[in-house]
file work_25.csv (CSV, C-alpha atoms and all ligand atoms)
chain,number,residue,atom,x,y,z
A,13,MET,CA,93.1,80.7,109.5
A,14,ARG,CA,92.0,84.0,110.9
A,15,GLY,CA,88.9,84.6,112.9
A,16,TYR,CA,86.9,87.7,113.5
A,17,ALA,CA,83.9,86.9,115.6
A,18,TRP,CA,82.2,90.2,115.7
A,19,GLY,CA,81.0,92.4,112.9
A,20,THR,CA,83.5,91.6,110.1
A,21,ALA,CA,81.1,92.9,107.5
A,22,TRP,CA,81.2,96.3,109.2
A,23,ARG,CA,84.8,96.5,109.4
A,24,ARG,CA,86.3,99.8,108.1
A,25,SER,CA,83.7,100.1,105.4
A,26,TRP,CA,82.2,103.5,104.9
A,27,ALA,CA,78.7,102.2,105.7
A,28,GLY,CA,80.2,100.5,108.7
A,29,VAL,CA,81.8,103.7,110.0
A,30,ALA,CA,78.5,105.6,109.6
A,31,ALA,CA,76.5,102.9,111.3
A,32,CYS,CA,79.1,102.6,114.1
A,33,ALA,CA,79.0,106.4,114.6
A,34,ALA,CA,75.2,106.1,114.9
A,35,MET,CA,75.5,103.3,117.4
A,36,VAL,CA,78.0,105.2,119.5
A,37,ALA,CA,75.6,108.1,119.5
A,38,VAL,CA,72.8,105.8,120.7
A,39,LEU,CA,75.1,104.3,123.4
A,40,MET,CA,76.1,107.8,124.6
A,41,VAL,CA,72.6,109.0,124.9
A,42,GLY,CA,71.4,105.9,126.8
A,43,CYS,CA,74.5,105.2,128.7
A,44,SER,CA,73.3,105.3,132.2
A,45,THR,CA,72.0,101.8,132.0
A,46,PRO,CA,74.4,99.2,130.6
A,47,GLY,CA,73.3,97.8,127.2
A,48,PRO,CA,73.5,94.1,126.3
A,49,ARG,CA,77.3,94.2,125.8
A,50,GLU,CA,77.9,96.7,128.6
A,51,VAL,CA,79.2,94.4,131.4
A,52,PRO,CA,80.1,96.4,134.5
A,53,GLN,CA,83.9,96.4,135.0
A,54,LEU,CA,85.7,95.7,138.3
A,55,GLY,CA,89.2,96.7,139.5
A,56,LEU,CA,89.6,100.0,137.7
A,57,GLU,CA,89.9,102.2,140.8
A,58,ALA,CA,93.6,101.4,141.1
A,59,PHE,CA,94.2,103.0,137.7
A,60,PRO,CA,93.1,106.6,137.6
A,61,PRO,CA,92.9,108.2,134.2
A,62,VAL,CA,95.4,111.0,133.4
A,63,ALA,CA,93.7,114.3,132.3
A,64,ASN,CA,92.8,114.6,128.7
A,65,ASP,CA,91.3,118.1,128.6
A,66,LYS,CA,94.3,120.0,127.4
A,67,ALA,CA,96.7,118.1,125.3
A,68,PRO,CA,99.7,120.4,124.9
A,69,GLY,CA,100.8,119.3,121.4
A,70,ALA,CA,103.8,117.0,120.7
A,71,SER,CA,107.3,117.5,122.1
A,72,GLN,CA,110.3,117.9,119.9
A,73,GLN,CA,111.3,114.4,120.9
A,74,ALA,CA,108.0,113.1,119.4
A,75,TRP,CA,108.3,115.1,116.2
A,76,GLU,CA,111.9,113.9,115.8
A,77,THR,CA,111.0,110.3,116.4
A,78,ALA,CA,108.2,110.5,113.8
A,79,LYS,CA,110.7,111.9,111.3
A,80,ALA,CA,113.4,109.3,112.0
A,81,MET,CA,111.0,106.3,111.8
A,82,GLY,CA,110.5,106.8,108.1
A,83,ARG,CA,109.6,103.6,106.3
A,84,GLY,CA,108.5,100.5,108.2
A,85,VAL,CA,106.9,97.1,108.1
A,86,ASN,CA,104.6,95.1,110.4
A,87,PHE,CA,105.8,91.8,111.8
A,88,GLY,CA,102.2,90.7,111.5
A,89,ASN,CA,100.6,87.4,112.3
A,90,MET,CA,103.6,86.3,114.5
A,91,PHE,CA,102.9,87.4,118.1
A,92,ASP,CA,99.4,88.6,117.4
A,93,ALA,CA,98.3,85.1,116.6
A,94,PRO,CA,97.0,83.3,119.7
A,95,ASP,CA,100.4,81.6,119.9
A,96,GLU,CA,103.5,82.3,117.8
A,97,GLY,CA,103.3,80.0,114.8
A,98,LEU,CA,99.6,79.3,114.9
A,99,TRP,CA,99.0,81.6,111.9
A,100,GLY,CA,101.8,80.0,110.0
A,101,ILE,CA,104.7,82.4,110.7
A,102,LYS,CA,107.2,82.9,113.4
A,103,ALA,CA,109.6,85.7,114.0
A,104,GLU,CA,112.8,84.4,112.4
A,105,PRO,CA,116.2,86.0,112.6
A,106,GLU,CA,116.5,85.9,108.8
A,107,PHE,CA,113.4,88.3,108.6
A,108,ILE,CA,115.3,90.8,110.7
A,109,ASP,CA,118.3,90.6,108.3
A,110,ALA,CA,115.9,91.1,105.4
A,111,VAL,CA,114.3,94.1,107.0
A,112,VAL,CA,117.7,95.7,107.6
A,113,ALA,CA,118.9,94.9,104.1
A,114,ALA,CA,115.8,96.5,102.6
A,115,GLY,CA,116.4,99.7,104.4
A,116,PHE,CA,113.3,99.7,106.5
A,117,ARG,CA,113.8,101.9,109.6
A,118,THR,CA,110.9,100.7,111.7
A,119,VAL,CA,109.3,97.4,112.6
A,120,ARG,CA,105.8,97.4,114.2
A,121,LEU,CA,105.5,94.3,116.4
A,122,PRO,CA,101.9,93.3,117.3
A,123,VAL,CA,101.6,91.2,120.5
A,124,ARG,CA,98.6,89.4,121.9
A,125,TRP,CA,99.8,89.6,125.5
A,126,SER,CA,96.3,88.7,126.8
A,127,ASN,CA,96.6,85.1,125.7
A,128,HIS,CA,99.8,84.7,127.8
A,129,CYS,CA,98.9,85.6,131.3
A,130,GLY,CA,97.1,84.3,134.4
A,131,ASN,CA,93.3,84.1,134.4
A,132,ALA,CA,92.7,86.3,137.4
A,133,PRO,CA,94.2,89.5,138.9
A,134,PRO,CA,97.1,90.3,138.8
A,135,PHE,CA,97.1,88.5,135.4
A,136,THR,CA,100.7,87.6,135.6
A,137,LEU,CA,102.5,87.4,132.3
A,138,GLU,CA,103.9,84.0,131.3
A,139,PRO,CA,107.7,84.5,131.7
A,140,ALA,CA,108.5,82.3,128.7
A,141,PHE,CA,106.3,84.3,126.3
A,142,ALA,CA,107.5,87.6,127.7
A,143,ASP,CA,111.1,86.5,127.3
A,144,ARG,CA,110.5,85.5,123.7
A,145,VAL,CA,109.0,88.8,122.8
A,146,GLU,CA,111.8,90.6,124.6
A,147,GLN,CA,114.4,88.6,122.7
A,148,VAL,CA,112.9,89.7,119.4
A,149,VAL,CA,112.6,93.3,120.5
A,150,ASP,CA,116.2,93.3,121.6
A,151,ALA,CA,117.3,91.7,118.3
A,152,LEU,CA,115.5,94.5,116.4
A,153,LEU,CA,116.8,97.3,118.5
A,154,ALA,CA,120.3,95.9,118.2
A,155,ARG,CA,120.1,96.5,114.5
A,156,GLY,CA,119.2,100.1,115.0
A,157,LEU,CA,115.6,99.8,114.1
A,158,TYR,CA,112.7,101.6,115.7
A,159,VAL,CA,110.2,99.2,117.2
A,160,VAL,CA,106.6,100.0,117.8
A,161,MET,CA,105.4,97.2,120.1
A,162,ASP,CA,101.6,97.2,120.2
A,163,MET,CA,99.0,95.3,122.1
A,164,HIS,CA,96.9,93.5,119.6
A,165,HIS,CA,93.7,91.3,119.4
A,166,ASP,CA,92.4,90.8,122.9
A,167,ARG,CA,89.0,89.6,121.6
A,168,PRO,CA,87.2,89.5,125.0
A,169,PHE,CA,88.4,93.1,125.6
A,170,GLU,CA,86.9,94.1,122.2
A,171,GLY,CA,83.6,92.4,123.3
A,172,ALA,CA,84.0,89.5,120.8
A,173,LYS,CA,84.2,85.8,121.1
A,174,PRO,CA,87.7,84.5,121.5
A,175,ASP,CA,89.5,83.5,118.3
A,176,PRO,CA,90.3,79.8,117.8
A,177,GLY,CA,93.2,79.1,120.2
A,178,GLU,CA,92.4,82.1,122.4
A,179,ARG,CA,91.3,81.6,126.0
A,180,ALA,CA,88.0,83.0,127.4
A,181,ALA,CA,88.2,85.8,129.9
A,182,ASP,CA,86.0,87.0,132.8
A,183,PRO,CA,83.9,89.7,131.0
A,184,GLN,CA,83.9,91.8,134.2
A,185,ARG,CA,87.7,92.0,134.3
A,186,VAL,CA,88.7,92.6,130.7
A,187,ASP,CA,89.5,96.3,131.3
A,188,GLU,CA,91.4,95.5,134.5
A,189,ARG,CA,93.4,92.8,132.6
A,190,PHE,CA,94.3,95.3,129.9
A,191,LEU,CA,95.6,97.7,132.4
A,192,ARG,CA,97.5,95.1,134.5
A,193,LEU,CA,99.1,93.8,131.3
A,194,TRP,CA,100.4,97.3,130.6
A,195,VAL,CA,101.7,97.5,134.2
A,196,GLN,CA,103.9,94.5,133.5
A,197,VAL,CA,104.9,95.2,130.0
A,198,ALA,CA,105.8,98.8,130.7
A,199,GLU,CA,107.9,97.7,133.7
A,200,ARG,CA,109.7,94.9,131.8
A,201,PHE,CA,110.6,97.1,128.9
A,202,LYS,CA,111.3,100.4,130.7
A,203,GLY,CA,115.1,100.2,130.4
A,204,LYS,CA,115.1,99.8,126.7
A,205,SER,CA,116.4,102.2,124.1
A,206,ASP,CA,114.2,105.1,123.3
A,207,LYS,CA,113.8,103.6,119.8
A,208,LEU,CA,111.2,101.3,121.4
A,209,LEU,CA,107.7,102.8,121.3
A,210,PHE,CA,104.7,101.4,123.0
A,211,GLU,CA,101.4,101.4,121.2
A,212,VAL,CA,98.5,101.2,123.6
A,213,TYR,CA,96.0,99.1,121.6
A,214,ASN,CA,95.5,98.1,118.0
A,215,GLU,CA,92.3,99.3,116.3
A,216,PRO,CA,89.9,99.8,119.3
A,217,HIS,CA,86.4,98.8,118.2
A,218,GLY,CA,83.4,96.7,119.4
A,219,ARG,CA,82.8,97.4,123.0
A,220,LEU,CA,85.6,99.9,122.9
A,221,HIS,CA,83.5,102.7,121.6
A,222,ALA,CA,84.9,106.2,121.7
A,223,GLU,CA,83.7,107.1,125.2
A,224,ARG,CA,85.0,103.9,126.8
A,225,TRP,CA,88.2,103.9,124.8
A,226,ASN,CA,89.0,107.5,125.7
A,227,ASP,CA,88.7,106.6,129.4
A,228,LEU,CA,90.8,103.4,129.1
A,229,LEU,CA,93.4,105.2,127.1
A,230,ALA,CA,93.8,107.8,129.8
A,231,ARG,CA,94.1,105.1,132.4
A,232,ALA,CA,96.6,103.2,130.4
A,233,MET,CA,98.7,106.4,129.9
A,234,GLY,CA,98.8,106.7,133.7
A,235,VAL,CA,100.1,103.2,134.0
A,236,ILE,CA,102.7,103.6,131.3
A,237,ARG,CA,104.0,106.9,132.6
A,238,ALA,CA,104.5,105.5,136.1
A,239,SER,CA,107.4,103.5,134.7
A,240,ASN,CA,108.2,105.2,131.4
A,241,PRO,CA,108.0,108.9,131.9
A,242,ASP,CA,109.4,110.0,128.6
A,243,ARG,CA,109.0,107.1,126.2
A,244,VAL,CA,107.2,108.0,123.0
A,245,VAL,CA,103.8,106.3,123.0
A,246,VAL,CA,101.6,105.6,120.0
A,247,ILE,CA,97.8,106.1,120.5
A,248,SER,CA,94.9,105.9,118.2
A,249,GLY,CA,91.2,106.5,118.1
A,250,ALA,CA,88.2,104.2,118.3
A,251,ALA,CA,86.4,102.8,115.2
A,252,TRP,CA,89.3,100.7,114.2
A,253,GLY,CA,91.9,103.5,114.5
A,254,GLY,CA,90.6,105.0,111.3
A,255,VAL,CA,90.6,108.7,110.4
A,256,TRP,CA,86.8,109.1,110.5
A,257,ALA,CA,86.6,108.9,114.3
A,258,LEU,CA,89.9,110.9,115.0
A,259,HIS,CA,87.8,113.9,116.0
A,260,GLN,CA,86.4,111.8,118.9
A,261,LEU,CA,89.8,110.9,120.3
A,262,ARG,CA,90.6,112.7,123.6
A,263,VAL,CA,94.3,113.0,123.5
A,264,PRO,CA,95.9,112.6,127.0
A,265,ASN,CA,97.6,115.7,128.3
A,266,ASP,CA,101.0,114.4,127.3
A,267,PRO,CA,103.6,115.6,124.8
A,268,HIS,CA,105.4,112.4,124.0
A,269,LEU,CA,102.8,110.9,121.7
A,270,LEU,CA,102.4,109.9,118.1
A,271,VAL,CA,98.9,109.4,116.8
A,272,SER,CA,98.5,106.4,114.6
A,273,PHE,CA,95.8,105.7,112.0
A,274,HIS,CA,95.2,102.7,109.8
A,275,HIS,CA,94.0,103.2,106.2
A,276,TYR,CA,92.8,100.2,104.1
A,277,GLU,CA,90.5,102.0,101.7
A,278,PRO,CA,89.3,100.8,99.2
A,279,MET,CA,88.4,97.8,101.4
A,280,ASP,CA,86.9,95.8,98.6
A,281,PHE,CA,90.3,96.0,96.8
A,282,THR,CA,92.7,95.6,99.8
A,283,HIS,CA,90.8,92.8,101.5
A,284,GLN,CA,89.5,90.8,98.5
A,285,GLY,CA,89.9,87.1,99.1
A,286,ALA,CA,90.8,87.6,102.8
A,287,ASP,CA,89.2,84.7,104.7
A,288,TRP,CA,88.3,87.1,107.6
A,289,HIS,CA,86.4,89.3,105.1
A,290,PRO,CA,84.3,86.9,103.0
A,291,GLU,CA,82.2,89.8,101.7
A,292,TYR,CA,85.0,91.0,99.5
A,293,ALA,CA,85.2,88.9,96.3
A,294,VAL,CA,88.3,88.7,94.2
A,295,GLY,CA,88.7,90.5,90.9
A,296,VAL,CA,88.7,94.2,92.0
A,297,THR,CA,91.6,96.2,90.5
A,298,CYS,CA,93.1,99.5,91.7
A,299,CYS,CA,93.2,102.5,91.4
A,300,ASP,CA,90.7,104.3,89.2
A,301,ALA,CA,89.8,108.0,89.9
A,302,GLY,CA,87.1,107.1,92.4
A,303,GLN,CA,89.4,104.8,94.3
A,304,ALA,CA,92.3,107.2,94.3
A,305,LYS,CA,90.0,109.9,95.7
A,306,LYS,CA,89.0,107.6,98.6
A,307,VAL,CA,92.6,107.0,99.3
A,308,ALA,CA,93.5,110.7,99.2
A,309,GLN,CA,90.6,111.8,101.4
A,310,ALA,CA,91.6,109.9,104.4
A,311,PHE,CA,95.1,111.4,104.3
A,312,GLU,CA,93.5,114.9,104.1
A,313,VAL,CA,91.4,114.3,107.1
A,314,ALA,CA,94.3,112.9,109.1
A,315,LYS,CA,96.6,115.8,108.1
A,316,ALA,CA,94.0,118.4,109.0
A,317,TRP,CA,93.6,116.8,112.4
A,318,SER,CA,97.4,116.7,113.0
A,319,ASP,CA,97.8,120.4,112.0
A,320,LYS,CA,95.1,121.4,114.3
A,321,ARG,CA,96.1,119.3,117.3
A,322,ARG,CA,99.9,119.5,116.7
A,323,TYR,CA,100.7,115.8,117.1
A,324,PRO,CA,102.6,113.8,114.5
A,325,LEU,CA,100.9,111.0,112.7
A,326,PHE,CA,102.0,107.4,112.0
A,327,LEU,CA,100.3,105.4,109.3
A,328,GLY,CA,100.6,102.2,111.2
A,329,GLU,CA,98.9,99.9,108.7
A,330,PHE,CA,98.0,99.8,105.1
A,331,GLY,CA,98.4,97.0,102.6
A,332,SER,CA,96.7,94.6,100.2
A,333,HIS,CA,95.9,90.8,100.2
A,334,ASP,CA,97.8,88.6,97.8
A,335,LYS,CA,94.5,87.5,96.1
A,336,ALA,CA,94.5,90.9,94.4
A,337,GLU,CA,96.4,91.1,91.1
A,338,MET,CA,100.0,92.1,91.5
A,339,ALA,CA,100.0,95.1,89.1
A,340,SER,CA,97.1,96.7,91.1
A,341,ARG,CA,98.8,96.0,94.4
A,342,GLU,CA,101.9,97.8,93.2
A,343,THR,CA,99.9,100.8,92.0
A,344,TYR,CA,98.0,100.9,95.3
A,345,THR,CA,101.1,100.5,97.4
A,346,ARG,CA,102.9,103.3,95.5
A,347,LEU,CA,100.0,105.6,95.9
A,348,MET,CA,99.7,105.1,99.6
A,349,ARG,CA,103.4,105.5,100.1
A,350,GLU,CA,103.5,108.7,98.1
A,351,HIS,CA,100.6,110.2,100.0
A,352,ALA,CA,102.1,109.4,103.4
A,353,GLU,CA,105.5,110.8,102.5
A,354,ARG,CA,104.1,113.9,100.9
A,355,HIS,CA,102.3,114.6,104.2
A,356,GLY,CA,105.5,113.8,106.1
A,357,MET,CA,104.1,110.7,107.8
A,358,PRO,CA,106.1,107.7,108.8
A,359,TRP,CA,104.5,104.5,107.8
A,360,ALA,CA,104.5,100.7,108.3
A,361,VAL,CA,103.1,98.5,105.6
A,362,TRP,CA,100.9,95.5,106.7
A,363,GLU,CA,102.8,93.1,106.7
A,364,PHE,CA,106.1,91.2,106.3
A,365,GLY,CA,105.5,87.6,105.1
A,366,SER,CA,101.9,86.4,105.4
A,367,SER,CA,99.0,87.0,103.0
A,368,PHE,CA,99.5,90.8,102.8
A,369,GLY,CA,103.2,90.3,102.8
A,370,VAL,CA,105.9,92.1,100.9
A,371,TYR,CA,108.3,89.1,101.4
A,372,ASP,CA,107.9,85.7,99.8
A,373,ARG,CA,109.1,83.2,102.4
A,374,GLN,CA,109.3,80.3,100.0
A,375,ALA,CA,111.5,82.2,97.6
A,376,LYS,CA,113.3,83.9,100.6
A,377,ALA,CA,113.0,87.1,98.6
A,378,TYR,CA,111.0,90.3,98.5
A,379,HIS,CA,108.3,90.8,95.9
A,380,GLN,CA,110.2,93.2,93.6
A,381,GLY,CA,107.3,95.3,92.4
A,382,LEU,CA,105.9,95.9,95.9
A,383,MET,CA,109.4,96.9,97.1
A,384,LYS,CA,109.8,99.3,94.2
A,385,ALA,CA,106.6,100.9,95.2
A,386,LEU,CA,107.7,101.3,98.8
A,387,MET,CA,111.3,102.2,98.2
A,388,PRO,CA,111.9,104.5,95.2
A,389,THR,CA,115.5,103.4,94.9
A,390,TRP,CA,114.8,99.7,95.3
A,391,GLY,CA,117.0,97.5,93.0
A,392,GLN,CA,119.7,100.1,92.8
A,393,SER,CA,121.7,99.2,95.9
A,394,GLU,CA,119.8,97.5,98.7
A,395,SER,CA,118.4,94.4,96.9
A,396,LEU,CA,120.9,91.9,98.4
A,397,THR,CA,118.0,89.7,99.5
A,398,ALA,CA,115.9,90.3,96.4
A,399,LYS,CA,115.3,87.9,93.6
A,400,SER,CA,115.4,89.0,90.0
A,401,PRO,CA,112.1,89.7,88.4
A,501,LIG,C1,94.4,94.6,111.4
A,501,LIG,C2,94.3,93.4,112.1
A,501,LIG,C3,95.2,92.4,111.4
A,501,LIG,C4,94.7,92.2,110.0
A,501,LIG,C5,94.9,93.5,109.3
A,501,LIG,C6,94.4,93.5,107.9
A,501,LIG,O1,95.5,95.1,111.8
A,501,LIG,O2,94.7,93.6,113.4
A,501,LIG,O3,95.2,91.2,112.1
A,501,LIG,O4,95.4,91.2,109.3
A,501,LIG,O5,94.2,94.5,110.0
A,501,LIG,O6,93.0,93.2,107.9
call {"tool": "encode", "arguments": {"input": "work_25.csv", "output": "structure tokens"}}
result
Amino acid sequence: MRGYAWGTAWRRSWAGVAACAAMVAVLMVGCSTPGPREVPQLGLEAFPPVANDKAPGASQQAWETAKAMGRGVNFGNMFDAPDEGLWGIKAEPEFIDAVVAAGFRTVRLPVRWSNHCGNAPPFTLEPAFADRVEQVVDALLARGLYVVMDMHHDRPFEGAKPDPGERAADPQRVDERFLRLWVQVAERFKGKSDKLLFEVYNEPHGRLHAERWNDLLARAMGVIRASNPDRVVVISGAAWGGVWALHQLRVPNDPHLLVSFHHYEPMDFTHQGADWHPEYAVGVTCCDAGQAKKVAQAFEVAKAWSDKRRYPLFLGEFGSHDKAEMASRETYTRLMREHAERHGMPWAVWEFGSSFGVYDRQAKAYHQGLMKALMPTWGQSESLTAKSP
């Protein structure tokens, strides 16, 4: 079971984006006095923000990394669950074999570090959990994969109620905790291959409105750069890391960055039947002209931003729930992949083996149609782990 405590109905929908933008504007105007969710934060003085007034554009290293990452998949619902296994899936060695056999070049690995640390500063990471994540990162890197390890689902940090199985946190220390977690994670992983990328935070939203997020992102970059001066880091904007708030993102003055966006339009198709989005009923197909236009528009906005700001993009998440009919999922998946690749963007489909999954864990095989949509040559050579249709 999945739990979104705050604002599920707003999530990524067009109306929601517009309403959120209006809310942000109200917050920015009246921001001298904290609003109801604006709890004053302690412990930030140790983490000064890097400048974000003159982002230089991306380094050659960042552009080359983006190019090499190519096609990827999210190991979702594994370490982003409150505990590994709580959402029904663990990171198994056979999944890594399947990813390699399919020809994916990148795995995005979401991690809920915040549920595995002490309750008070310095928020020490639980060694057993950190060791377990490191073991999986090492196993992925050993197979030559790019790994985008992101910090995911710290509900108190987002201003939401904890998920079932997630611990409560001191609301005055959630920002400090976020930064101190990065101190530890960056230090632990600093010696790894440069195929390991850090992603600062998944889909900032809720109390992480654009203004606060820009500040925290700049502080987190300072933390990460202290131990990892050249590692490529993935950043994204507020409002769920979607394209419509990209213009509000203040890019830190740093060249080794990729900019991620998530794209789940049309939401009523991709999220039909998802228990964390009860407002989307099943039965919606994809993709008619109106839907295809919505899909295309977000790519245009993202590409225009990237051309102007000279940073490469990474489509970090897109995908559809298994309650949608398979033929539509295949059409949608192909459309998304073609847009991303036409614009030269690496991508990672959401996700490997849960409800949005491309892999059927019971059958120990990929869904053929989805893989054909993702990999144009699927079935010709790399289908060792695939079952026949
Ligand atoms: C976001 C969430 C993830 C969810 C997915 C699809 O990435 O972090 O947990 O499953 O979107 O809604």
call {"tool": "residues_near_ligand", "arguments": {"input": "work_25.csv", "ligand": "ligand LIG 501 (chain A)", "cutoff": "7 Å", "atoms": "only C-alpha atoms and all ligand atoms", "output": "ChimeraX atom specification"}}
result
/A:89,164-165,214-215,283,329,362
call {"tool": "closest_atom_pairs", "arguments": {"input": "work_25.csv", "of": "stretch 55-121 of chain A", "to": "stretch 373-378 of chain A", "cutoff": "10 Å", "atoms": "all atoms listed in the file", "output": "Markdown table"}}
result
| residue | atom | partner | partner_atom | distance |
| --- | --- | --- | --- | --- |
| A:Ile101 | CA | A:Arg373 | CA | 9.4 |
| A:Glu106 | CA | A:Lys376 | CA | 9.0 |
| A:Phe107 | CA | A:Arg373 | CA | 9.1 |
| A:Ala110 | CA | A:Ala377 | CA | 8.4 |
| A:Val111 | CA | A:Tyr378 | CA | 9.9 |
| A:Ala114 | CA | A:Tyr378 | CA | 8.8 |
call {"tool": "residues_near_point", "arguments": {"input": "work_25.csv", "point": "(95.3, 108.2, 117.6)", "cutoff": "10 Å", "atoms": "all atoms listed in the file", "output": "PDB file with C-alpha atoms, in the frame of the given file"}}
result
ATOM      1  CA  GLU A 211     101.400 101.400 121.200  1.00  0.00           C
ATOM      2  CA  VAL A 212      98.500 101.200 123.600  1.00  0.00           C
ATOM      3  CA  TYR A 213      96.000  99.100 121.600  1.00  0.00           C
ATOM      4  CA  GLU A 215      92.300  99.300 116.300  1.00  0.00           C
ATOM      5  CA  VAL A 246     101.600 105.600 120.000  1.00  0.00           C
ATOM      6  CA  ILE A 247      97.800 106.100 120.500  1.00  0.00           C
ATOM      7  CA  SER A 248      94.900 105.900 118.200  1.00  0.00           C
ATOM      8  CA  GLY A 249      91.200 106.500 118.100  1.00  0.00           C
ATOM      9  CA  ALA A 250      88.200 104.200 118.300  1.00  0.00           C
ATOM     10  CA  GLY A 253      91.900 103.500 114.500  1.00  0.00           C
ATOM     11  CA  GLY A 254      90.600 105.000 111.300  1.00  0.00           C
ATOM     12  CA  VAL A 255      90.600 108.700 110.400  1.00  0.00           C
ATOM     13  CA  ALA A 257      86.600 108.900 114.300  1.00  0.00           C
ATOM     14  CA  LEU A 258      89.900 110.900 115.000  1.00  0.00           C
ATOM     15  CA  HIS A 259      87.800 113.900 116.000  1.00  0.00           C
ATOM     16  CA  GLN A 260      86.400 111.800 118.900  1.00  0.00           C
ATOM     17  CA  LEU A 261      89.800 110.900 120.300  1.00  0.00           C
ATOM     18  CA  ARG A 262      90.600 112.700 123.600  1.00  0.00           C
ATOM     19  CA  VAL A 263      94.300 113.000 123.500  1.00  0.00           C
ATOM     20  CA  LEU A 269     102.800 110.900 121.700  1.00  0.00           C
ATOM     21  CA  LEU A 270     102.400 109.900 118.100  1.00  0.00           C
ATOM     22  CA  VAL A 271      98.900 109.400 116.800  1.00  0.00           C
ATOM     23  CA  SER A 272      98.500 106.400 114.600  1.00  0.00           C
ATOM     24  CA  PHE A 273      95.800 105.700 112.000  1.00  0.00           C
ATOM     25  CA  HIS A 274      95.200 102.700 109.800  1.00  0.00           C
ATOM     26  CA  ALA A 314      94.300 112.900 109.100  1.00  0.00           C
ATOM     27  CA  SER A 318      97.400 116.700 113.000  1.00  0.00           C
ATOM     28  CA  TYR A 323     100.700 115.800 117.100  1.00  0.00           C
ATOM     29  CA  PRO A 324     102.600 113.800 114.500  1.00  0.00           C
ATOM     30  CA  LEU A 325     100.900 111.000 112.700  1.00  0.00           C
ATOM     31  CA  PHE A 326     102.000 107.400 112.000  1.00  0.00           C
TER      32      PHE A 326
END
call {"tool": "atom_distance", "arguments": {"input": "work_25.csv", "atom1": "atom CA of A:Ala70", "atom2": "atom CA of A:Arg219"}}
result
28.8 Å
call {"tool": "residues_around", "arguments": {"input": "work_25.csv", "residues": "A:Glu57", "least_positions_apart": "4", "cutoff": "12 Å", "atoms": "all atoms listed in the file", "output": "list of chain:residue names"}}
result
A:Gln53, A:Pro61, A:Asp187, A:Glu188, A:Leu191, A:Leu228, A:Arg231
call {"tool": "closest_residue", "arguments": {"input": "work_25.csv", "among": "A:Lys173, A:Lys335, A:Arg237, A:Arg322", "to": "A:Ala293", "atoms": "only C-alpha atoms"}}
result
A:Lys335
call {"tool": "closest_residue", "arguments": {"input": "work_25.csv", "among": "A:Met81, A:Met161, A:Ala385, A:Leu327", "to": "A:Ala352", "atoms": "all atoms listed in the file"}}
result
A:Leu327
call {"tool": "closest_residue", "arguments": {"input": "work_25.csv", "among": "A:His379, A:His351, A:Glu291, A:Ala310", "to": "A:Asp334", "atoms": "all atoms listed in the file"}}
result
A:His379
call {"tool": "residues_near_point", "arguments": {"input": "work_25.csv", "point": "(83.5, 84.7, 129.0)", "cutoff": "12 Å", "atoms": "all atoms listed in the file", "output": "ChimeraX atom specification"}}
result
/A:49,51,131,167-169,171-174,178-186
call {"tool": "write_last_selection", "arguments": {"input": "work_25.csv", "atoms": "C-alpha atoms", "output": "PDB file, in the frame of the given file"}}
result
ATOM      1  CA  ARG A  49      77.300  94.200 125.800  1.00  0.00           C
ATOM      2  CA  VAL A  51      79.200  94.400 131.400  1.00  0.00           C
ATOM      3  CA  ASN A 131      93.300  84.100 134.400  1.00  0.00           C
ATOM      4  CA  ARG A 167      89.000  89.600 121.600  1.00  0.00           C
ATOM      5  CA  PRO A 168      87.200  89.500 125.000  1.00  0.00           C
ATOM      6  CA  PHE A 169      88.400  93.100 125.600  1.00  0.00           C
ATOM      7  CA  GLY A 171      83.600  92.400 123.300  1.00  0.00           C
ATOM      8  CA  ALA A 172      84.000  89.500 120.800  1.00  0.00           C
ATOM      9  CA  LYS A 173      84.200  85.800 121.100  1.00  0.00           C
ATOM     10  CA  PRO A 174      87.700  84.500 121.500  1.00  0.00           C
ATOM     11  CA  GLU A 178      92.400  82.100 122.400  1.00  0.00           C
ATOM     12  CA  ARG A 179      91.300  81.600 126.000  1.00  0.00           C
ATOM     13  CA  ALA A 180      88.000  83.000 127.400  1.00  0.00           C
ATOM     14  CA  ALA A 181      88.200  85.800 129.900  1.00  0.00           C
ATOM     15  CA  ASP A 182      86.000  87.000 132.800  1.00  0.00           C
ATOM     16  CA  PRO A 183      83.900  89.700 131.000  1.00  0.00           C
ATOM     17  CA  GLN A 184      83.900  91.800 134.200  1.00  0.00           C
ATOM     18  CA  ARG A 185      87.700  92.000 134.300  1.00  0.00           C
ATOM     19  CA  VAL A 186      88.700  92.600 130.700  1.00  0.00           C
TER      20      VAL A 186
END
call {"tool": "atom_distance", "arguments": {"input": "work_25.csv", "atom1": "atom CA of A:Ala67", "atom2": "atom CA of A:Lys320"}}
result
11.6 Å
call {"tool": "closest_residue", "arguments": {"input": "work_25.csv", "among": "A:Trp256, A:Phe210, A:Trp225, A:Phe281", "to": "A:Glu337", "atoms": "all atoms listed in the file"}}
result
A:Phe281
call {"tool": "closest_residue", "arguments": {"input": "work_25.csv", "among": "A:His221, A:Phe368, A:Arg189, A:Asp227", "to": "A:Ala286", "atoms": "only C-alpha atoms"}}
result
A:Phe368
call {"tool": "residues_around", "arguments": {"input": "work_25.csv", "residues": "A:Ser126", "least_positions_apart": "3", "cutoff": "8 Å", "atoms": "all atoms listed in the file", "output": "PyMOL selection string"}}
result
chain A and resi 129+166+189-190+193
call {"tool": "write_last_selection", "arguments": {"input": "work_25.csv", "atoms": "C-alpha atoms", "output": "compact mmCIF listing (two decimals), in the coordinates of the input"}}
result
# COMPACT_ATOMS: atom_id res chain seq x y z
CA CYS A 129 98.90 85.60 131.30
CA ASP A 166 92.40 90.80 122.90
CA ARG A 189 93.40 92.80 132.60
CA PHE A 190 94.30 95.30 129.90
CA LEU A 193 99.10 93.80 131.30
